[in-house]
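Peer 1: This is the structure I have questions about; it appears just below.
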Protein chains: 2
Amino acid sequence: MLTYTLKKEKGRSLYDALYHKIRADITGGLLPAGARLPSKRALAGNLGVSVATVESAYAQLLAEGYIASRERSGHFVCAIGERKRPAPPIAPQESRGSAPALLDLSGGGEDVPFPFSVWAKTMRSVLSEQTHELLRPVELCGVPTLRQAIAQHLYQSRAMQVAPEQILIGAGNEYLYGLIVQLLGRDIRYGVEDPGYRKISGIYAANDVAICHIPMDSDGLCVDDLRQSGAQIAHISPAHHYPTGNVMPIRRRNELLHWAHEAQGRYILEDDYDSELRHSGKPVPPLFSLDMGQRVIYLSTFSQTIAPSLRIAYLCLPRDLMRRMQEKLGFYACTVPSFEQYTLARFISGGAYEKHVNRLRKRYRDRRAEIFAVLEASPLRGKYSIREENAGTHFLLLLRTEKTDAALKKAAAQRGLAVKFLSDYRADGQDSGGCMILNYACLPKEQATRAMELLAQIL
Amino acid sequence: MLTYTLKKEKGRSLYDALYHKIRADITGGLLPAGARLPSKRALAGNLGVSVATVESAYAQLLAEGYIASRERSGHFVCAIGERKRPAPPIAPQESRGSAPALLDLSGGGEDVPFPFSVWAKTMRSVLSEQTHELLRPVELCGVPTLRQAIAQHLYQSRAMQVAPEQILIGAGNEYLYGLIVQLLGRDIRYGVEDPGYRKISGIYAANDVAICHIPMDSDGLCVDDLRQSGAQIAHISPAHHYPTGNVMPIRRRNELLHWAHEAQGRYILEDDYDSELRHSGKPVPPLFSLDMGQRVIYLSTFSQTIAPSLRIAYLCLPRDLMRRMQEKLGFYACTVPSFEQYTLARFISGGAYEKHVNRLRKRYRDRRAEIFAVLEASPLRGKYSIREENAGTHFLLLLRTEKTDAALKKAAAQRGLAVKFLSDYRADGQDSGGCMILNYACLPKEQATRAMELLAQIL
């Protein structure tokens, strides 16, 4: 008869202890395959526990296949096969990357002002009023009220005419890039801007997509190069290119639309990551509107304006592409929690979003003026010029220097200053002659002053 | 001199009206390329508006490339190129699918009880206490406190030893499947269960991955077939297979681990979609634990236990795979909003999650007993048997019939009853002889009673 000492331990039931003892004996070979276990009643008597305890332990062993029961003859140990002895686990992973720089001019926004109280109030009202909707699974495109709110917002703020049925909500730009690849296919080439936002190339590479780096001139993507590249998709940010800050003029926009309509299956992916942050005038009308939504996929995000930790971005798709999306990928669920979607929908339609964006614009305008003043008062004066287009949260600081970007970067790093140059955004890494990208969204005056002093030292 | 009648309209500024008028004249050809625009002062005087109004309109036209300014000579119309005349937009999309069935035995859970007040309270405390953390961008793996809470939960509920650094949070299973493909590669074969959850095959197909359908016996995936298929990845649900409900016994688990260790680059993806919902005993220990985390990727989700609209799932990765993930895909941001992550972390570590799951288990246990009673009291009595493993929210209802699944399904649909058979989950669609999948999570007694009457009619 099996005999174990079962101690009642805190947080562990007797049946669990018994299950473990028997299991250990089976895996250890003490109870070989074919061995008959005592009846529940007998074992319970022997161990001084209840029959229910033995019953539960046997049931668990049964469920996991350690034992089998044969009608009228009781329980028997199963052959469990040899267990592969695992090698000792590998040592814990080292933390990646080097020590953080003391001063960072290269971006990384943690400093977005956020209307907590309004957002919290909106959340509370969603929680109390929409309990049923909140639990329902959400189909691929997102909840209807948010799609309506976005359509309305695009119409009012950008005169963009897009139906709610053309909008698809997703957990951030990066997710949506991947979804577009699933929609349009992996066997065609995608053209990306060079220089450009490097993460985009990284995401296409991770999705095993062939990319072509298309050169830019001051008007944007060079259409002849695009044509020669054989790319079918042009991924561009015409409203405010990163990092150069260029805004694509109407002539180039028309040329690009021409290109898109020259052949079947060509599309423009219009990546409008920060169009809401123009400092003056209104945002430039998107290609999506010029084209009336045939060959242009429009993509935008709330990360820049609300918070990068709120993962909500959206696509506006031509109607035929939306149909294809539903047919091919309609089995996916939407990746954004419904609660966030309802909250954002109310936040937009109640007017809080617009107010917030206006405040943001003012804040960045002030920051920008402050940085300009800091530059003029710094030892850098006379040694730089600025290129920018009245938009976003960065500009190009052209340093007058004979040094290479790499040399400047190294010297800056030695002084605890993280900087990025145009060369960091070029596919071939070609030197830009000191064309620095200055992100000022999270750069308080004191830090900026100190940073300019350090920069002047290394020129 | 340009002359327009500018009317002040509600919600539209004068400068916007002027901008539109001039733009229309440029695109319409009334103002040809090279034409000189009047000076701001002159135009302002002519139109009776302020100079600032004209200035803003010109600035917008400049930004969009409709006009250019030459120093000391004023503003000129640019050549904008021919605009492609878009074809009329396509008619709005038809709604997909047919009319919904009156009674649905095939699943689709909207009826999960949810502890709203506790969740709301948790949300409020997160909102008031963690304002700073909430705005920070979240790196690929998710916020540390949630990873810790999950590790703790897995240890306490399943004796699974996994370090928080091995956990990766993502916006739902479906997203994580795609991420795994990006990690492990698209040039290898993925083995999936047949019969199995069809969406998994769909997601691999959308990711352009070659899948092999591996047959199942009553113990689970047939390892010999897996070996012969050439698959490197085995995607399985050993804790509770869908739709058969099988629990994989320890012997088969060991065989599978053997297979995984036979060759480099083999991995088991252990899809533990509803393991928390065992009705009796404790959940079966995962393969991840048996293997001590070398060749097993563990995947689980909160969709089944909290709500399908809360998109939070997670992976537990072997340490070397986590290292590869960080190297290859570490540039991605986490897809779950940080607010949801902090809320869930507190919900788990404060004990509310465990309480909720216990309540769910009881609820589904009661539902199951109720359905069994309904079946026995129905005209189906004597014409069915049940196959199930004391877990989850569905079981197999084996109908005694000569009819094919297809014939039964058609007859049921004619009576407004939606049903699914095992054949719906087989790659080749082979008839199962009336082996129906009955999802009872959202099936109240009255509906069940009516459904069984209808079923009896069509047998």
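Residue numbers start at 1 in each chain; chains themselves are named A, B, ... in the order of the structure tokens; ligands are numbered from 1 in the order shown.
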Any idea what's packed within 7 Å of region 67-82 of chain B, counting only C-alpha atoms, ignoring anything in its chain fewer than 3 positions away? Could you give it as a VMD selection string?
Peer 2: (chain A and resid 250 to 251 254) or (chain B and resid 32 to 37 39 61 to 62)
Peer 1: Produce a file of the selected residues containing N, CA and C atoms, as a short mmCIF file (atom, residue, chain, number, x, y, z; two decimals), in the first residue's frame.
Peer 2:
data_model
loop_
_atom_site.label_atom_id
_atom_site.label_comp_id
_atom_site.auth_asym_id
_atom_site.auth_seq_id
_atom_site.Cartn_x
_atom_site.Cartn_y
_atom_site.Cartn_z
N ILE A 250 2.14 70.70 -54.23
CA ILE A 250 1.03 70.12 -54.97
C ILE A 250 1.49 69.48 -56.28
N ARG A 251 2.51 70.08 -56.92
CA ARG A 251 2.98 69.54 -58.20
C ARG A 251 3.50 68.10 -58.03
N ASN A 254 0.70 65.66 -57.41
CA ASN A 254 0.02 65.24 -58.64
C ASN A 254 0.86 64.24 -59.43
N PRO B 32 -2.83 80.86 -64.38
CA PRO B 32 -1.87 79.90 -64.95
C PRO B 32 -0.51 79.99 -64.27
N ALA B 33 0.30 78.96 -64.52
CA ALA B 33 1.65 78.94 -63.96
C ALA B 33 2.40 80.19 -64.36
N GLY B 34 3.10 80.79 -63.43
CA GLY B 34 3.89 81.98 -63.72
C GLY B 34 3.15 83.27 -63.42
N ALA B 35 1.82 83.20 -63.30
CA ALA B 35 1.06 84.42 -63.03
C ALA B 35 1.47 85.02 -61.69
N ARG B 36 1.52 86.34 -61.65
CA ARG B 36 1.95 87.01 -60.43
C ARG B 36 0.71 87.35 -59.60
N LEU B 37 0.76 87.07 -58.33
CA LEU B 37 -0.37 87.42 -57.45
C LEU B 37 -0.18 88.85 -56.98
N SER B 39 0.10 92.02 -54.43
CA SER B 39 0.74 92.11 -53.12
C SER B 39 -0.32 91.92 -52.04
N LEU B 61 -1.10 78.50 -49.23
CA LEU B 61 -0.85 78.16 -50.63
C LEU B 61 0.64 77.89 -50.86
N LEU B 62 1.47 78.65 -50.16
CA LEU B 62 2.92 78.44 -50.23
C LEU B 62 3.28 77.06 -49.68
#
Peer 1: Up to 6 Å from chain A, what residues of chain B turn up? Count only C-alpha atoms and give them as a short mmCIF file (atom, residue, chain, number, x, y, z; two decimals) with C-alpha atoms, in the first residue's frame.
Peer 2:
data_model
loop_
_atom_site.label_atom_id
_atom_site.label_comp_id
_atom_site.auth_asym_id
_atom_site.auth_seq_id
_atom_site.Cartn_x
_atom_site.Cartn_y
_atom_site.Cartn_z
CA GLN B 60 -1.16 78.06 -46.84
CA GLU B 64 1.12 73.35 -50.27
CA GLY B 65 3.19 74.41 -53.27
CA ILE B 80 1.14 72.14 -60.62
CA GLY B 81 1.00 69.49 -63.32
CA ARG B 83 -4.35 66.40 -62.20
CA GLU B 110 -20.94 38.03 -25.42
CA LEU B 135 2.25 58.41 -20.65
CA ARG B 136 5.60 56.77 -21.15
CA PRO B 137 6.11 54.76 -24.31
CA ALA B 171 -2.76 42.91 -28.25
CA GLN B 182 8.32 37.37 -37.55
CA ALA B 206 -2.25 35.63 -44.12
CA PRO B 249 -1.71 12.86 -21.54
CA ILE B 250 1.78 13.01 -20.12
CA ARG B 251 3.11 10.30 -22.43
CA ASN B 254 6.96 13.65 -23.46
CA GLY B 281 -9.07 19.63 -10.27
CA ALA B 307 -13.53 39.84 -21.98
CA PRO B 308 -12.83 39.35 -25.66
CA SER B 309 -12.89 43.13 -26.06
CA LEU B 310 -9.90 43.50 -23.73
CA ARG B 311 -7.07 42.70 -26.09
CA THR B 335 0.67 47.00 -28.69
CA PRO B 337 -2.19 50.64 -24.01
CA SER B 338 -0.22 51.14 -20.80
#
Peer 1: Step one, run DSSP on the backbone; step two, keep only residues of region 104-212 of chain B assigned to strand (DSSP E or B); then write them as a list in words.
Peer 2: Asp104, Glu139, Ile167, Leu168, Ile169, Gly170, Arg189, Tyr190, Gly191, Val192, Glu193, Asp194, Ala210, Ile211 and Cys212 of chain B
Peer 1: Which value, in Å to one decimal, gives the distance between CA of Tyr267 (chain A) and CA of Met325 (chain A)?
Peer 2: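 Between CA of Tyr267 (chain A) and CA of Met325 (chain A) the gap is 14.5 Å.
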Peer 1: Would you work out the distance separating CA of Lys21 (chain B) from CA of Ala151 (chain A), expressed in Å to one decimal?
Peer 2: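 Those two atoms sit 24.8 Å apart.
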Peer 1: Rounded to one decimal, what separation in Å do you get between CA of Gly230 (chain B) and CA of Ser201 (chain B)?
Peer 2: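 Interatomic distance, CA of Gly230 (chain B) to CA of Ser201 (chain B): 16.8 Å.
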Peer 1: Write out as a ChimeraX atom specification all residues of region 81-266 of chain B that DSSP puts in alpha helix (DSSP H) for this structure's backbone.
Peer 2: /B:116-129,131-135,144-158,173-184,198-206,223-229,250-262
Peer 1: Give me the residues within 12 Å of region 408-413 of chain B as an MDAnalysis selection string, counting only C-alpha atoms and dropping any in the same chain fewer than 2 places off.
Peer 2: chainID B and resid 98:106 399:406 415:424 431:437 451:459
Peer 1: Using only C-alpha atoms, pick whichever of B:Ile236, B:Val357, B:Arg367, B:Arg381 has the shortest atom-to-atom distance to Val223 (chain B).
Peer 2: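 Comparing B:Ile236, B:Val357, B:Arg367, B:Arg381 against Val223 (chain B), the winner is B:Ile236.
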Peer 1: Excluding Ile386 (chain B) and its own-chain neighbours fewer than 3 positions away, which residues fall within 7 Å of it when counting only C-alpha atoms? Please give them as a VMD selection string.
Peer 2: chain B and resid 396 to 398
